[in-house]
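Engineer: Mind looking over this structure? Questions follow.
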Amino acid sequence: MMTKSMVVPVIDVQNDNFKELWPSMVLAFKTSSFIALDTELSGLGARKALLAESVEDRYKAICHAARTRSVLSLGIACYKKLNDKADSTYLVQVYNLTLLCTEEYIIEPQSVQFLVQHGFDFNKQYAQGVPYNKGNDKGGDAHGVNMRTLYVELLRANKPLVVHNGLIDMVFLYQCFYAHLPERLGTFIADLSQMFPAGIYDTKYATEYELRFTASYLEYAYKKCKLDNARSVEAGKNGPRLFLEFCNYTGRLQSYVDYRPCLDSQSHDGTLNICIQFSAYGWCPNGAQCPMSHDTDLIIQQDEKTKEDKKKKRKRRKKQKAAREVEEDSLPEEKRAHLEDMEVQGEAVTTCETMATASEHQQTSGEVTKVTCVNDSGSVEGAENGSGVPPAQDSTRDDGKNAQQTSKGLTGARERKVEGGTHRAGFDAFMTGYIFAFASILKSDESVAQAGIPGCVNKLYLSGKSVPLHVVKSTFSKSSKAHVHKMEQVWGKGSCDSSTVKADGTDA
């Protein structure tokens, strides 16, 4: 199976062209149907605290990271639905903003290594990064052309906001471009619900609980949606079909564009030596040195084959059960009773034979079945977008398969290095938007003009939790004073009820 190739133009925004590109970015916000965001961060701090059992404790840990670390890069993808086009067609504009925090901040070696491996240019960041201040507005921050006023323009656009595993992103964006973070999670949620009245969508939550893909890390979800969409287009039937269009940049603008190719997905034959760790989480502790394949297309192909095999087995069992019931109904009463007496022994023999056959098939075919493992602290996902948490090593995995170091696996490692440069905030925002657009076609009511996924609005994914974080203002929570002041800047005075703030001006 081969999907249609496309080249995604990503506009690089930095300090020397920020003012020039400002009008086009603001116009893209205002005319879009929804906006997808992604960030690259200088670090996250203590990983264990980010997976605390208490969501309030998690929030405090993320707040500490946001106050001491910084956003290095911001990806913005604006998707505008073209109503005069057939099917669901979107005009997409993608921006990759290289940023530089003007205050002291911590940068972690692990984050540096990850970003450099994926093509991030720190020389460019320090030389041309768009400067910004964190926390509350200082001096003339509330006016002029800067990152904080650009964030205000994004809020004024009042469009659905799309993120992937986005709680950390939302906390960092608030601290870096909006105001000082509230001390309590309830206050932060109250602020967030007013900042984005059109709704916040988390594609990781949608991927797991609506689309129900085998894995939910960003690249996997994007390529699976892209593959399913290509199949629907090739089939030519009336169904969910997504088409994209991009602007044709000319003249001076063309020099700012970084063209990102989306390589074709092709079928792979032969032994499949997949890295189980990467297959499950989109992250591997061995990185580019891993001898097993990190090819996401290969992983999706294997997952689909495994799913199809299970489906065939269930059908066979149903047919065998139906045939046995028909045969039993035709037997005389005394023979049927004798058959029931033999059933317990027969089940035991069948179970042993089935297990032996499955084990032999797995050894001879070289297929790898992915196992999603959950440790004591809950399900953990890798840092596929620079803001995930690396999973703990799992001793239940098949060490024999992980030890296979074949030439096929080494080839996969080399292929990964070629694709490594596609991991950037701008392209990640594009992938996030693509997942949302495709899922909206599958799940939304066609009579609703605005893109959306029913059941997913204002629900942020929480690792290791079976329920999301609901971005809905509680009757017991009040907005922060800093937020009320910013809302007046965004919408004008009286836009946020001052009674939602304590008399002393502190957070509720």
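Chain identifiers are assigned as A, B, and so on, following the order in which chains appear in the structure tokens; residues are numbered from 1 within each chain, and ligands are numbered from 1 in order of appearance.
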Please list as JSON, numbers by chain every residue within 9 Å of Ala198 in chain A, counting only C-alpha atoms and excluding residues in the same chain fewer than 3 positions away.
Structural biologist: {"A": [158, 159, 160, 161, 193, 195]}
Engineer: Please produce an output containing N, CA and C atoms for each residue in the selection, written as a short mmCIF file (atom, residue, chain, number, x, y, z; two decimals), in the first residue's frame.
Structural biologist:
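What landed in selection_34.cif:
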```cif
data_model
loop_
_atom_site.label_atom_id
_atom_site.label_comp_id
_atom_site.auth_asym_id
_atom_site.auth_seq_id
_atom_site.Cartn_x
_atom_site.Cartn_y
_atom_site.Cartn_z
N ASN A 158 -10.32 33.38 18.54
CA ASN A 158 -11.41 32.57 19.10
C ASN A 158 -11.70 31.32 18.25
N LYS A 159 -10.66 30.56 17.98
CA LYS A 159 -10.79 29.33 17.20
C LYS A 159 -10.55 28.11 18.09
N PRO A 160 -11.08 26.95 17.70
CA PRO A 160 -10.74 25.73 18.44
C PRO A 160 -9.23 25.52 18.43
N LEU A 161 -8.68 25.19 19.59
CA LEU A 161 -7.24 24.96 19.72
C LEU A 161 -6.98 23.47 19.80
N SER A 193 -10.48 27.88 30.44
CA SER A 193 -11.80 27.73 29.82
C SER A 193 -12.30 29.06 29.25
N MET A 195 -10.11 31.53 28.25
CA MET A 195 -9.16 31.92 27.19
C MET A 195 -9.52 31.30 25.85
#
```
Engineer: My list of candidates is A:Met6, A:Ile107, A:Ile11, A:Ala179. Which is closest to Val152 in chain A when distances are computed with only C-alpha atoms?
Structural biologist: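 Comparing A:Met6, A:Ile107, A:Ile11, A:Ala179 against Val152 in chain A, the winner is A:Ala179.
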Engineer: Would you mind telling me which residue in A:Asn165, A:Thr296, A:Thr250, A:Ser279 lies nearest to Tyr201 in chain A when using only C-alpha atoms?
Structural biologist: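 Residue with the minimum atom-to-atom distance to Tyr201 in chain A: A:Asn165.
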Engineer: If I take CA of Val8 in chain A and CA of Ala77 in chain A, how far is one from the other in Å, to one decimal?
Structural biologist: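 So the two atoms, CA of Val8 in chain A and CA of Ala77 in chain A, lie 10.9 Å apart.
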Engineer: So which one's closest to Val26 in chain A, A:Met487, A:Leu50, A:Leu218, A:Val145? Using only C-alpha atoms, please.
Structural biologist: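 Of A:Met487, A:Leu50, A:Leu218, A:Val145, the one nearest Val26 in chain A, counting only C-alpha atoms, is A:Val145.
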Engineer: Hey, which of A:Leu99, A:Ile453, A:Ala86, A:Val92 ends up closest to Phe18 in chain A? Count only C-alpha atoms.
Structural biologist: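 Checking each of A:Leu99, A:Ile453, A:Ala86, A:Val92 against Phe18 in chain A, counting only C-alpha atoms, the winner is A:Leu99.
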Engineer: May I have the residues within 8 Å of Cys176 in chain A as a ChimeraX atom specification, using only C-alpha atoms and disregarding those fewer than 2 positions away in the same chain?
Structural biologist: /A:66,70-71,132-135,172-174,178-179
Engineer: I need the residues from that last selection saved to file as a compact mmCIF listing (two decimals), in the first residue's frame (with all heavy atoms), if you can.
Structural biologist:
```
# COMPACT_ATOMS: atom_id res chain seq x y z
N ALA A 66 7.76 25.02 34.10
CA ALA A 66 7.47 26.17 33.24
C ALA A 66 8.11 27.45 33.76
O ALA A 66 8.50 28.34 32.98
CB ALA A 66 5.96 26.36 33.10
N SER A 70 12.09 26.94 29.55
CA SER A 70 11.52 27.87 28.56
C SER A 70 11.06 27.13 27.31
O SER A 70 11.43 25.98 27.07
CB SER A 70 12.55 28.94 28.18
OG SER A 70 13.57 28.36 27.39
N VAL A 71 10.25 27.84 26.52
CA VAL A 71 9.85 27.37 25.19
C VAL A 71 10.92 27.80 24.20
O VAL A 71 11.21 28.98 24.06
CB VAL A 71 8.48 27.95 24.78
CG1 VAL A 71 8.12 27.51 23.36
CG2 VAL A 71 7.39 27.50 25.76
N TYR A 132 11.35 37.01 24.20
CA TYR A 132 10.11 37.14 24.97
C TYR A 132 10.41 37.12 26.46
O TYR A 132 11.43 36.58 26.90
CB TYR A 132 9.11 36.03 24.61
CG TYR A 132 9.53 34.64 25.05
CD1 TYR A 132 9.17 34.14 26.30
CD2 TYR A 132 10.27 33.81 24.20
CE1 TYR A 132 9.54 32.86 26.70
CE2 TYR A 132 10.64 32.54 24.59
CZ TYR A 132 10.27 32.07 25.84
OH TYR A 132 10.65 30.80 26.23
N ASN A 133 9.52 37.75 27.24
CA ASN A 133 9.58 37.73 28.70
C ASN A 133 8.52 36.79 29.24
O ASN A 133 7.43 36.68 28.66
CB ASN A 133 9.34 39.13 29.28
CG ASN A 133 10.38 40.13 28.81
OD1 ASN A 133 11.57 39.85 28.86
ND2 ASN A 133 9.92 41.29 28.36
N LYS A 134 8.81 36.14 30.36
CA LYS A 134 7.85 35.22 30.97
C LYS A 134 7.04 35.93 32.05
O LYS A 134 7.37 37.03 32.47
CB LYS A 134 8.57 34.01 31.58
CG LYS A 134 9.26 33.15 30.54
CD LYS A 134 9.55 31.75 31.07
CE LYS A 134 10.57 31.75 32.19
NZ LYS A 134 10.89 30.37 32.63
N GLY A 135 5.97 35.27 32.49
CA GLY A 135 5.15 35.81 33.58
C GLY A 135 4.22 36.91 33.13
O GLY A 135 3.71 36.90 32.01
N PHE A 172 3.02 25.73 29.83
CA PHE A 172 4.17 26.50 29.37
C PHE A 172 3.74 27.75 28.58
O PHE A 172 4.31 28.84 28.75
CB PHE A 172 5.09 25.63 28.50
CG PHE A 172 6.20 24.98 29.27
CD1 PHE A 172 5.96 23.82 30.00
CD2 PHE A 172 7.49 25.51 29.27
CE1 PHE A 172 6.98 23.20 30.70
CE2 PHE A 172 8.52 24.91 29.98
CZ PHE A 172 8.27 23.75 30.70
N LEU A 173 2.74 27.61 27.72
CA LEU A 173 2.27 28.76 26.94
C LEU A 173 1.72 29.85 27.86
O LEU A 173 1.94 31.05 27.63
CB LEU A 173 1.19 28.31 25.96
CG LEU A 173 1.65 27.44 24.79
CD1 LEU A 173 0.46 26.89 24.02
CD2 LEU A 173 2.58 28.21 23.86
N TYR A 174 0.99 29.46 28.89
CA TYR A 174 0.43 30.41 29.84
C TYR A 174 1.55 31.18 30.53
O TYR A 174 1.53 32.42 30.60
CB TYR A 174 -0.41 29.63 30.87
CG TYR A 174 -1.26 30.48 31.79
CD1 TYR A 174 -2.64 30.51 31.68
CD2 TYR A 174 -0.68 31.26 32.79
CE1 TYR A 174 -3.43 31.28 32.53
CE2 TYR A 174 -1.45 32.02 33.65
CZ TYR A 174 -2.83 32.03 33.52
OH TYR A 174 -3.60 32.78 34.36
N TYR A 178 1.62 34.61 28.55
CA TYR A 178 0.33 35.14 29.03
C TYR A 178 0.45 35.83 30.40
O TYR A 178 0.33 37.05 30.49
CB TYR A 178 -0.69 34.01 29.09
CG TYR A 178 -2.11 34.46 29.31
CD1 TYR A 178 -2.79 35.19 28.34
CD2 TYR A 178 -2.79 34.14 30.48
CE1 TYR A 178 -4.10 35.60 28.54
CE2 TYR A 178 -4.10 34.55 30.69
CZ TYR A 178 -4.75 35.28 29.72
OH TYR A 178 -6.05 35.68 29.91
N ALA A 179 0.72 35.06 31.45
CA ALA A 179 0.79 35.63 32.80
C ALA A 179 1.43 34.61 33.74
O ALA A 179 1.69 33.47 33.37
CB ALA A 179 -0.61 36.00 33.29
```
Engineer: Tell me, as a ChimeraX atom specification, which residues lie within 12 Å of Asn229 in chain A, counting only C-alpha atoms; anything in the same chain fewer than 4 positions away does not count.
Structural biologist: /A:2-4,88,222-225,233-237,239-244,434-435,437-439,441-442
Engineer: Applying 7 Å and only C-alpha atoms, which residues near range 121-129 of chain A remain after dropping the ones on its own chain fewer than 6 positions away? List them as a ChimeraX atom specification.
Structural biologist: /A:14-16,98-100
Engineer: Can I get the selection written as a tab-separated table (two decimals), in the first residue's frame, with C-alpha atoms?
Structural biologist:
```tsv
chain	number	residue	atom	x	y	z
A	14	GLN	CA	12.73	34.35	13.56
A	15	ASN	CA	13.68	37.76	14.89
A	16	ASP	CA	14.77	39.25	11.56
A	98	THR	CA	12.35	30.02	16.85
A	99	LEU	CA	12.22	31.72	20.26
A	100	LEU	CA	14.64	33.04	22.87
```
Engineer: Which one is closest to Glu210 in chain A: A:Tyr249, A:Leu72, A:Ile168, A:Pro454? Count only C-alpha atoms.
Structural biologist: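 Among the listed residues, A:Pro454 lies closest to Glu210 in chain A.
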Engineer: Would you pick out the contacts of Ala215 in chain A at 10 Å or less, using only C-alpha atoms, so that residues sharing its chain but fewer than 2 positions from it are not included, and give the list as a PyMOL selection string?
Structural biologist: chain A and resi 204+207-208+212-213+217-221+224+279-282+299-300+303+370+372
Engineer: If you run DSSP on the backbone here, which positions in range 135-275 of chain A get strand (DSSP E or B)? Please write them as a list in words.
Structural biologist: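 Taking range 135-275 of chain A and keeping strand (DSSP E or B) only, one gets Leu161, Val162, Val163, Ile200, Tyr201, Asp202, Leu242, Phe243, Leu244, Glu245, Phe246, Val257, Asp258, Tyr259, Arg260, Pro261, Cys262 and Ile274 of chain A.
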Engineer: Write the selection just made, keeping C-alpha atoms, as a PDB file, in the first residue's frame?
Structural biologist:
```pdb
ATOM      1  CA  LEU A 161      -7.238  24.961  19.717  1.00  0.00           C
ATOM      2  CA  VAL A 162      -5.710  21.557  18.973  1.00  0.00           C
ATOM      3  CA  VAL A 163      -2.771  20.001  20.871  1.00  0.00           C
ATOM      4  CA  ILE A 200      -9.487  22.764  23.332  1.00  0.00           C
ATOM      5  CA  TYR A 201      -8.964  19.367  21.690  1.00  0.00           C
ATOM      6  CA  ASP A 202      -6.216  16.890  22.567  1.00  0.00           C
ATOM      7  CA  LEU A 242      -9.444  14.663   3.550  1.00  0.00           C
ATOM      8  CA  PHE A 243      -7.673  16.907   1.046  1.00  0.00           C
ATOM      9  CA  LEU A 244      -5.094  19.590   1.776  1.00  0.00           C
ATOM     10  CA  GLU A 245      -3.956  22.654  -0.131  1.00  0.00           C
ATOM     11  CA  PHE A 246      -0.969  24.871   0.598  1.00  0.00           C
ATOM     12  CA  VAL A 257      10.021  28.429   3.577  1.00  0.00           C
ATOM     13  CA  ASP A 258      11.377  25.046   4.656  1.00  0.00           C
ATOM     14  CA  TYR A 259       9.766  22.333   2.509  1.00  0.00           C
ATOM     15  CA  ARG A 260       9.122  19.172   4.513  1.00  0.00           C
ATOM     16  CA  PRO A 261       8.483  16.043   2.423  1.00  0.00           C
ATOM     17  CA  CYS A 262       5.990  13.457   3.678  1.00  0.00           C
ATOM     18  CA  ILE A 274      10.549  -3.990  15.164  1.00  0.00           C
TER      19      ILE A 274
END
```
Engineer: CA of Arg252 in chain A and CA of Thr102 in chain A are how many Å apart?
Structural biologist: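 Straight-line distance from CA of Arg252 in chain A to CA of Thr102 in chain A works out to 28.7 Å.
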Engineer: So, counting only C-alpha atoms, which residue among A:Arg148, A:Val490, A:Glu153, A:Ala61 is closest to Pro23 in chain A?
Structural biologist: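 Checking each candidate against Pro23 in chain A, we get A:Glu153 as the closest.
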